[in-house]
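First up is the structure itself, then whatever we jot down about it.
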Amino acid sequence: MTRALVLGVTGGIGGAVTRRMLARGWRVTALVRDQARAAETWGTSAAPDWQAGDAMTRADVVRAAMGASVIIHAVNPPGYRNWERLVLPMLDNTIVAARSAGARVMLPGTLYNYDPSATPVIDERTPQRPPGRKGTVRVEMERRLMEAAPDVRSLVVRAGDFFGPGARQSWFAQAFAKPPLTRIMNPGTPRVGHAWAFLPDLAETIVRLIELPPDRLRPCERLQFPGHDIADGSEIVAAIRRATGRPDLPERHFPWALMRALAPFGGFPREVLEVRPFWQYPMRLDGRRLRELVGDLPCTSLDAAVASALNA
C-alpha cells in the first residue's frame, strides 16, 4: 500500500503529490522521458525512483506500474499541444496498467467539465456540461474511469486554479505574478469570485485520501477540494502586494479584447479565450463529501500561501 507510480512528476500537481508521498514514507516511481533532465529539475530534495519511458507507450506504463497500489495520472502533453490527440490515449494506457497492477487511478480534476454560467456550485452530483474543447476531453476522461469501475478503481480530486511551488504554468505564475514581477496582470472580473488551490494543501489532501482503507472510497470516487474561494480578484492582488512589500505594485487587466481579435489565428489566444468564462462567473467547490472522508482540510492562510508561491 506504499508504492506509487506518478505520471507527470515534473508538473505542478504531480511534483507536489510526489514530494508529499515521499515525506510520508511512500516509495514512488516516476515515469519520465529524460531521466537526467528530470533529476536535475527535481533538485536536491528526496527524489523518486526515476524510470525512463513515455506515457504514450502502453508497455512503458504497464511495466512502471508493477507493484503499485496507486497511479497518479497528472501528465499532460508537452506545452499542452495536441491536447485532443494525446490526452485520451495516455489515460487509456494508465487504465490498462492499473488493471494489470490492481492499482487505483488518481486523476486531478478540473472545472472545465462544467458550464460556469450555469454552475455556481459543484459537488459530485453536478451534471457535467462543458462549454469548450478541453472540457469535453476532461468529461470523456472521467467517463472512461467510470466505465472501467469497479474493475479499475479511481479517484478524481477536483480543484480550482493551482498556485504554489512548482506551478509554473498556472495563471498565478504566468499572469498575476509573472517574473520579473513589475506588474500584476489580473484576468478576473471585479466582484466575481474564483476558486484557487494551494498545491501543498491539495497534495496533502490527496495523500490522505489514497492512504484511506480501500473500502472507504467508492469504486469511482469524485471529490471537490474547496481550497481558497476568493470572493474578488483584488484579494489576490492585495496579498501579492503585502508579500512583496510593494503596495504601489501596478495592476493591469488581462487583454481579453486582444485575445478575441487574435483567436481566429489559433495558438495561445484561441486557447486562453476558451477559459475566459471561468473568470466571468463565480464557481464554488462543495467539499462536504471530502470532509466526511478526511476530516478538516489543510488550508494555509492566503498570505502565507502567496508568499510561498512568490518565493518558490
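Letters A, B, ... go to the chains of the C-alpha cells in the order shown; residues in each chain start at 1; ligands are counted from 1 in the same order.
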So that I can check the surroundings of segment 129-133 of chain A, please list as a compact mmCIF listing (two decimals) with C-alpha atoms, in the first residue's frame every protein, DNA and RNA residue that reaches within 12 Å of it, counting only C-alpha atoms and ignoring chain neighbours fewer than 6 positions away.
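Writing done, so here's out-v9.txt:
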# COMPACT_ATOMS: atom_id res chain seq x y z
CA ASN A 82 -2.15 18.23 -29.47
CA TRP A 83 -4.42 18.00 -26.45
CA GLU A 84 -7.30 16.20 -28.18
CA ARG A 85 -5.00 13.67 -29.87
CA THR A 110 -10.72 20.50 -13.36
CA LEU A 111 -13.58 22.98 -13.51
CA TYR A 112 -13.55 22.80 -17.32
CA ASN A 113 -16.07 19.94 -17.15
CA TYR A 114 -18.79 22.44 -16.23
CA ASP A 115 -20.52 25.44 -17.74
CA PRO A 116 -19.51 28.34 -15.46
CA SER A 117 -22.55 30.42 -16.48
CA ALA A 118 -24.90 27.74 -15.11
CA THR A 119 -22.86 26.02 -12.35
CA ILE A 122 -20.09 21.92 -7.87
CA VAL A 139 -15.51 14.81 -19.31
CA GLU A 140 -14.56 11.89 -21.55
CA ARG A 270 -7.60 30.79 -29.03
CA GLU A 271 -6.68 28.51 -26.14
CA VAL A 272 -6.87 31.21 -23.49
CA LEU A 273 -10.12 32.66 -24.81
CA GLU A 274 -11.79 29.29 -24.26
CA VAL A 275 -11.32 29.62 -20.50
CA ARG A 276 -12.43 33.24 -20.21
CA PRO A 277 -15.92 32.32 -18.89
CA PHE A 278 -14.25 30.80 -15.84
Which residues are close to segment 202-205 of chain A, i.e. within 9 Å by only C-alpha atoms, leaving aside same-chain residues fewer than 3 positions away? Reply as a list in words.
Ile13, Gly14, Ala16, Val17, Thr18, Arg19, Arg20, Met21, Val157, Ala159, Phe162, Ala197, Phe198, Leu199, Arg208, Leu209, Ile210, Phe225, Gly227, Leu290, Val294, Leu297, Pro298 and Cys299 of chain A
Segment 101-184 of chain A: residues DSSP assigns to alpha helix (DSSP H), reported as a list of chain:residue names
A:Ala101, A:Arg133, A:Lys134, A:Gly135, A:Thr136, A:Val137, A:Arg138, A:Val139, A:Glu140, A:Met141, A:Glu142, A:Arg143, A:Arg144, A:Leu145, A:Met146, A:Glu147, A:Ala148, A:Trp171
What's around Arg3 of chain A at 12 Å? Count only C-alpha atoms, leave out sequence neighbours fewer than 2 positions away in its own chain, and write the answer as a short mmCIF file (atom, residue, chain, number, x, y, z; two decimals) with all heavy atoms, in the first residue's frame.
data_model
loop_
_atom_site.label_atom_id
_atom_site.label_comp_id
_atom_site.auth_asym_id
_atom_site.auth_seq_id
_atom_site.Cartn_x
_atom_site.Cartn_y
_atom_site.Cartn_z
N MET A 1 0.82 -1.22 0.00
CA MET A 1 0.00 0.00 0.00
C MET A 1 0.85 1.26 0.00
O MET A 1 0.33 2.35 0.08
CB MET A 1 -0.92 0.02 1.22
CG MET A 1 -2.02 -1.02 1.18
SD MET A 1 -3.11 -0.78 -0.22
CE MET A 1 -3.86 0.79 0.17
N LEU A 5 3.05 4.95 -8.62
CA LEU A 5 3.61 5.40 -9.89
C LEU A 5 3.05 6.78 -10.17
O LEU A 5 1.83 7.00 -10.05
CB LEU A 5 3.22 4.45 -11.02
CG LEU A 5 3.51 4.96 -12.45
CD1 LEU A 5 5.00 5.14 -12.67
CD2 LEU A 5 2.92 4.00 -13.48
N VAL A 6 3.91 7.72 -10.53
CA VAL A 6 3.48 9.07 -10.87
C VAL A 6 3.80 9.35 -12.33
O VAL A 6 4.96 9.20 -12.76
CB VAL A 6 4.14 10.13 -9.97
CG1 VAL A 6 3.72 11.53 -10.40
CG2 VAL A 6 3.77 9.89 -8.51
N THR A 18 4.06 13.95 -5.29
CA THR A 18 5.23 13.09 -5.12
C THR A 18 6.04 13.49 -3.88
O THR A 18 6.43 12.65 -3.07
CB THR A 18 6.12 13.15 -6.36
OG1 THR A 18 5.40 12.65 -7.48
CG2 THR A 18 7.39 12.33 -6.17
N MET A 21 4.16 12.38 -0.78
CA MET A 21 4.22 10.94 -0.56
C MET A 21 5.59 10.51 -0.06
O MET A 21 5.70 9.68 0.85
CB MET A 21 3.87 10.20 -1.86
CG MET A 21 2.39 10.23 -2.20
SD MET A 21 1.93 9.06 -3.51
CE MET A 21 2.84 9.73 -4.88
N LEU A 22 6.64 11.05 -0.64
CA LEU A 22 7.98 10.71 -0.18
C LEU A 22 8.18 11.09 1.28
O LEU A 22 8.78 10.34 2.06
CB LEU A 22 9.03 11.41 -1.05
CG LEU A 22 9.17 10.89 -2.49
CD1 LEU A 22 10.05 11.83 -3.31
CD2 LEU A 22 9.73 9.47 -2.51
N ARG A 24 6.01 11.08 3.50
CA ARG A 24 5.21 10.17 4.35
C ARG A 24 5.64 8.72 4.20
O ARG A 24 4.95 7.81 4.69
CB ARG A 24 3.73 10.33 4.01
CG ARG A 24 3.19 11.69 4.42
CD ARG A 24 1.77 11.90 3.90
NE ARG A 24 0.79 11.12 4.63
CZ ARG A 24 0.00 11.61 5.59
NH1 ARG A 24 0.10 12.88 5.95
NH2 ARG A 24 -0.89 10.86 6.20
N GLY A 25 6.77 8.47 3.56
CA GLY A 25 7.33 7.13 3.52
C GLY A 25 6.95 6.28 2.34
O GLY A 25 7.26 5.08 2.31
N TRP A 26 6.30 6.85 1.35
CA TRP A 26 5.94 6.09 0.16
C TRP A 26 7.19 5.84 -0.70
O TRP A 26 8.10 6.66 -0.74
CB TRP A 26 4.91 6.84 -0.67
CG TRP A 26 3.52 6.76 -0.14
CD1 TRP A 26 3.02 7.39 0.96
CD2 TRP A 26 2.43 6.03 -0.71
NE1 TRP A 26 1.69 7.09 1.12
CE2 TRP A 26 1.30 6.25 0.10
CE3 TRP A 26 2.30 5.21 -1.84
CZ2 TRP A 26 0.06 5.68 -0.17
CZ3 TRP A 26 1.06 4.65 -2.11
CH2 TRP A 26 -0.04 4.88 -1.28
N ARG A 27 7.17 4.73 -1.41
CA ARG A 27 8.14 4.51 -2.47
C ARG A 27 7.47 4.92 -3.77
O ARG A 27 6.40 4.41 -4.12
CB ARG A 27 8.57 3.04 -2.54
CG ARG A 27 9.62 2.80 -3.63
CD ARG A 27 10.01 1.35 -3.74
NE ARG A 27 10.92 1.15 -4.87
CZ ARG A 27 11.28 -0.04 -5.32
NH1 ARG A 27 10.80 -1.15 -4.74
NH2 ARG A 27 12.11 -0.14 -6.33
N VAL A 28 8.09 5.85 -4.47
CA VAL A 28 7.46 6.44 -5.65
C VAL A 28 8.33 6.20 -6.88
O VAL A 28 9.53 6.51 -6.88
CB VAL A 28 7.25 7.96 -5.47
CG1 VAL A 28 6.56 8.55 -6.70
CG2 VAL A 28 6.41 8.23 -4.22
N THR A 29 7.72 5.66 -7.92
CA THR A 29 8.35 5.55 -9.23
C THR A 29 7.81 6.66 -10.11
O THR A 29 6.60 6.88 -10.16
CB THR A 29 8.06 4.19 -9.89
OG1 THR A 29 8.61 3.15 -9.08
CG2 THR A 29 8.65 4.12 -11.28
N ALA A 30 8.69 7.38 -10.78
CA ALA A 30 8.29 8.46 -11.68
C ALA A 30 8.69 8.09 -13.10
O ALA A 30 9.88 7.88 -13.38
CB ALA A 30 8.94 9.77 -11.26
N PRO A 48 12.14 10.61 -6.28
CA PRO A 48 11.53 9.33 -6.61
C PRO A 48 12.51 8.43 -7.35
O PRO A 48 13.63 8.84 -7.68
CB PRO A 48 10.36 9.73 -7.52
CG PRO A 48 10.83 10.99 -8.19
CD PRO A 48 11.66 11.71 -7.15
N ASP A 49 12.09 7.20 -7.62
CA ASP A 49 12.87 6.29 -8.45
C ASP A 49 12.56 6.62 -9.91
O ASP A 49 11.44 6.40 -10.38
CB ASP A 49 12.50 4.84 -8.16
CG ASP A 49 12.77 4.43 -6.72
OD1 ASP A 49 13.77 4.92 -6.16
OD2 ASP A 49 11.98 3.65 -6.18
N ALA A 64 6.11 0.14 -15.52
CA ALA A 64 6.40 1.03 -14.39
C ALA A 64 5.40 0.86 -13.25
O ALA A 64 5.72 1.13 -12.10
CB ALA A 64 6.41 2.48 -14.87
N ALA A 65 4.18 0.40 -13.57
CA ALA A 65 3.13 0.29 -12.56
C ALA A 65 3.19 -1.00 -11.76
O ALA A 65 2.44 -1.15 -10.77
CB ALA A 65 1.76 0.41 -13.23
N MET A 66 4.04 -1.92 -12.13
CA MET A 66 4.09 -3.20 -11.43
C MET A 66 4.36 -2.99 -9.94
O MET A 66 5.32 -2.31 -9.58
CB MET A 66 5.17 -4.09 -12.04
CG MET A 66 4.86 -4.59 -13.45
SD MET A 66 6.21 -5.60 -14.14
CE MET A 66 6.29 -6.93 -12.94
N GLY A 67 3.52 -3.54 -9.10
CA GLY A 67 3.68 -3.43 -7.65
C GLY A 67 3.09 -2.18 -7.04
O GLY A 67 3.12 -2.02 -5.81
N ALA A 68 2.55 -1.28 -7.86
CA ALA A 68 1.99 -0.03 -7.33
C ALA A 68 0.55 -0.23 -6.88
O ALA A 68 -0.21 -1.00 -7.48
CB ALA A 68 2.04 1.07 -8.39
N SER A 69 0.18 0.48 -5.83
CA SER A 69 -1.21 0.45 -5.37
C SER A 69 -1.99 1.64 -5.89
O SER A 69 -3.22 1.67 -5.83
CB SER A 69 -1.27 0.43 -3.84
OG SER A 69 -0.68 1.59 -3.30
N VAL A 70 -1.28 2.65 -6.40
CA VAL A 70 -1.95 3.84 -6.94
C VAL A 70 -1.10 4.40 -8.07
O VAL A 70 0.13 4.35 -8.03
CB VAL A 70 -2.19 4.91 -5.84
CG1 VAL A 70 -0.86 5.41 -5.27
CG2 VAL A 70 -3.01 6.08 -6.37
N ILE A 71 -1.79 4.90 -9.11
CA ILE A 71 -1.14 5.61 -10.21
C ILE A 71 -1.65 7.04 -10.19
O ILE A 71 -2.85 7.27 -10.33
CB ILE A 71 -1.43 4.96 -11.57
CG1 ILE A 71 -0.98 3.50 -11.60
CG2 ILE A 71 -0.74 5.76 -12.69
CD1 ILE A 71 -1.34 2.77 -12.89
N ILE A 72 -0.75 7.98 -10.01
CA ILE A 72 -1.12 9.40 -10.06
C ILE A 72 -1.02 9.83 -11.52
O ILE A 72 0.08 9.94 -12.07
CB ILE A 72 -0.18 10.26 -9.18
CG1 ILE A 72 -0.09 9.69 -7.76
CG2 ILE A 72 -0.65 11.71 -9.17
CD1 ILE A 72 -1.39 9.67 -7.00
N ALA A 101 -1.97 -4.03 -12.53
CA ALA A 101 -1.32 -3.97 -11.21
C ALA A 101 -2.29 -4.07 -10.05
O ALA A 101 -1.86 -4.22 -8.90
CB ALA A 101 -0.53 -2.67 -11.11
N GLY A 102 -3.59 -3.94 -10.32
CA GLY A 102 -4.56 -3.87 -9.23
C GLY A 102 -4.48 -2.55 -8.49
O GLY A 102 -4.73 -2.48 -7.28
N ALA A 103 -4.15 -1.49 -9.21
CA ALA A 103 -3.93 -0.18 -8.59
C ALA A 103 -5.14 0.73 -8.80
O ALA A 103 -5.94 0.53 -9.72
CB ALA A 103 -2.70 0.48 -9.19
N ARG A 104 -5.25 1.74 -7.96
CA ARG A 104 -6.25 2.79 -8.13
C ARG A 104 -5.64 3.92 -8.97
O ARG A 104 -4.47 4.25 -8.83
CB ARG A 104 -6.68 3.35 -6.77
CG ARG A 104 -7.82 4.38 -6.86
CD ARG A 104 -8.13 4.99 -5.50
NE ARG A 104 -8.58 4.02 -4.54
CZ ARG A 104 -9.86 3.61 -4.40
NH1 ARG A 104 -10.78 4.10 -5.20
NH2 ARG A 104 -10.17 2.72 -3.48
N ILE A 210 -5.54 8.71 -0.54
CA ILE A 210 -5.05 7.43 -1.05
C ILE A 210 -4.53 6.54 0.06
O ILE A 210 -4.32 5.34 -0.16
CB ILE A 210 -3.97 7.65 -2.15
CG1 ILE A 210 -2.75 8.35 -1.59
CG2 ILE A 210 -4.54 8.41 -3.32
CD1 ILE A 210 -1.64 8.54 -2.62
N GLU A 211 -4.34 7.09 1.25
CA GLU A 211 -3.93 6.27 2.39
C GLU A 211 -5.12 5.72 3.17
O GLU A 211 -4.94 4.93 4.11
CB GLU A 211 -3.03 7.09 3.32
CG GLU A 211 -1.65 7.36 2.75
CD GLU A 211 -0.75 8.16 3.68
OE1 GLU A 211 -1.29 8.75 4.64
OE2 GLU A 211 0.47 8.20 3.44
#
DSSP on the backbone, strand (DSSP E or B) only: what residues of segment 4-120 of chain A does that give? Format it as a VMD selection string.
chain A and resid 4 to 7 27 to 32 49 to 52 70 to 73 104 to 109
With distances taken over only C-alpha atoms, which residue among A:Thr2, A:Arg246, A:Leu258, A:Leu88 lies nearest Val137 of chain A?
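Counting only C-alpha atoms, the residue closest to Val137 of chain A is A:Leu88.
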For Leu7 of chain A, list every protein, DNA or RNA residue within 6 Å, evaluated using only C-alpha atoms, and leave out those in the same chain fewer than 3 positions away; present the list as a PyMOL selection string.
chain A and resi 31+73-75
Return the single residue from A:Leu107, A:Leu223, A:Leu310, A:Met146 that is closest to Arg291 of chain A, with distances computed using only C-alpha atoms.
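Closest residue, counting only C-alpha atoms: A:Leu223.
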Pick from A:Leu249, A:Val192, A:Val9, A:Leu285, whichever lies nearest to Ala167 of chain A using only C-alpha atoms
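The answer is A:Val9, which sits nearest to Ala167 of chain A.
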Do you know which residues are at most 12 Å from Asp92 of chain A counting only C-alpha atoms, after dropping those on the same chain fewer than 5 positions away, and could you put them as a list in words?
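Here the qualifying residues turn out to be Ala55, Met56, Thr57, Arg58, Ala59, Val61, Val62, His73, Leu86, Val87, Ala97, Ala98, Arg99, Val105, Glu140, Met141, Glu142, Arg143, Arg144, Leu145, Glu147, Ala148 and Val152 of chain A.
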Write the residues you've just listed into a file as a PDB file, in the first residue's frame, and include C-alpha atoms for each of them.
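Final file, part_23.pdb:
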ATOM      1  CA  ALA A  55       3.084   7.810 -21.048  1.00  0.00           C
ATOM      2  CA  MET A  56       2.077   7.336 -24.701  1.00  0.00           C
ATOM      3  CA  THR A  57       3.712   3.892 -24.758  1.00  0.00           C
ATOM      4  CA  ARG A  58       1.460   1.356 -23.058  1.00  0.00           C
ATOM      5  CA  ALA A  59       4.197  -1.164 -22.323  1.00  0.00           C
ATOM      6  CA  VAL A  61       3.322   2.433 -18.254  1.00  0.00           C
ATOM      7  CA  VAL A  62       2.380  -1.179 -17.515  1.00  0.00           C
ATOM      8  CA  HIS A  73      -2.177  10.416 -13.576  1.00  0.00           C
ATOM      9  CA  LEU A  86      -2.795  12.712 -26.890  1.00  0.00           C
ATOM     10  CA  VAL A  87      -4.754  13.032 -23.650  1.00  0.00           C
ATOM     11  CA  ALA A  97      -1.698  -0.509 -16.295  1.00  0.00           C
ATOM     12  CA  ALA A  98      -3.931  -0.045 -13.240  1.00  0.00           C
ATOM     13  CA  ARG A  99      -5.958  -3.110 -14.169  1.00  0.00           C
ATOM     14  CA  VAL A 105      -6.028   5.671 -10.632  1.00  0.00           C
ATOM     15  CA  GLU A 140     -14.559  11.890 -21.547  1.00  0.00           C
ATOM     16  CA  MET A 141     -11.596  11.111 -19.285  1.00  0.00           C
ATOM     17  CA  GLU A 142     -13.869  10.832 -16.259  1.00  0.00           C
ATOM     18  CA  ARG A 143     -16.412   8.824 -18.257  1.00  0.00           C
ATOM     19  CA  ARG A 144     -13.732   6.279 -19.145  1.00  0.00           C
ATOM     20  CA  LEU A 145     -12.756   5.959 -15.491  1.00  0.00           C
ATOM     21  CA  GLU A 147     -16.723   2.796 -17.307  1.00  0.00           C
ATOM     22  CA  ALA A 148     -13.626   0.949 -16.038  1.00  0.00           C
ATOM     23  CA  VAL A 152     -10.317  -0.407 -12.025  1.00  0.00           C
TER      24      VAL A 152
END
Considering only C-alpha atoms, state which residue in the set A:Asn186, A:Arg138, A:Gly287, A:Arg191 is at the smallest distance from Pro226 of chain A.
A:Gly287
As a PyMOL selection string, please: the residues near segment 176-184 of chain A (cut-off 9 Å, only C-alpha atoms, same-chain neighbours under 2 positions excluded).
chain A and resi 171-174+186-187+236-237+240+249-253+310
Got time to write the residues from that selection, N, CA and C atoms, as a compact mmCIF listing (two decimals), in the first residue's frame?
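Written output follows (part-v1.txt):
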# COMPACT_ATOMS: atom_id res chain seq x y z
N TRP A 171 -2.10 30.30 -13.85
CA TRP A 171 -2.49 31.70 -14.02
C TRP A 171 -1.76 32.59 -13.02
N PHE A 172 -1.54 32.07 -11.82
CA PHE A 172 -0.83 32.87 -10.82
C PHE A 172 0.58 33.20 -11.30
N ALA A 173 1.29 32.17 -11.77
CA ALA A 173 2.69 32.35 -12.13
C ALA A 173 2.87 33.07 -13.46
N GLN A 174 1.90 32.94 -14.36
CA GLN A 174 2.05 33.50 -15.70
C GLN A 174 1.32 34.81 -15.90
N ASN A 186 -4.24 40.98 -13.98
CA ASN A 186 -5.43 40.38 -13.38
C ASN A 186 -6.43 40.00 -14.47
N PRO A 187 -6.68 38.70 -14.67
CA PRO A 187 -7.65 38.27 -15.68
C PRO A 187 -9.09 38.26 -15.17
N ILE A 236 -6.31 38.65 -4.13
CA ILE A 236 -5.02 38.11 -4.57
C ILE A 236 -4.04 39.25 -4.83
N VAL A 237 -4.52 40.30 -5.48
CA VAL A 237 -3.67 41.45 -5.75
C VAL A 237 -3.12 42.03 -4.46
N ILE A 240 -0.44 39.77 -2.91
CA ILE A 240 0.85 39.87 -3.59
C ILE A 240 1.58 41.13 -3.16
N LEU A 249 2.71 48.33 -6.31
CA LEU A 249 2.89 47.47 -7.47
C LEU A 249 1.68 47.62 -8.40
N PRO A 250 1.87 48.04 -9.65
CA PRO A 250 0.73 48.35 -10.52
C PRO A 250 -0.06 47.10 -10.91
N GLU A 251 -1.35 47.30 -11.08
CA GLU A 251 -2.24 46.24 -11.53
C GLU A 251 -2.74 46.59 -12.93
N ARG A 252 -2.71 45.60 -13.82
CA ARG A 252 -3.24 45.76 -15.16
C ARG A 252 -4.29 44.69 -15.43
N HIS A 253 -5.24 44.98 -16.29
CA HIS A 253 -6.25 43.99 -16.65
C HIS A 253 -5.77 43.16 -17.84
N LEU A 310 5.44 33.00 -4.30
CA LEU A 310 6.35 34.01 -4.83
C LEU A 310 7.80 33.65 -4.59
Could you tell me how far atom CA of Ser100 of chain A lies from atom CA of Ala149 of chain A, in Å and to one decimal?
13.7 Å
Check the smallest atom-to-atom distance from each of A:Asp161, A:Asp201, A:Asp248, A:Asp60 to Asp229 of chain A using only C-alpha atoms, then report the winner.
A:Asp161
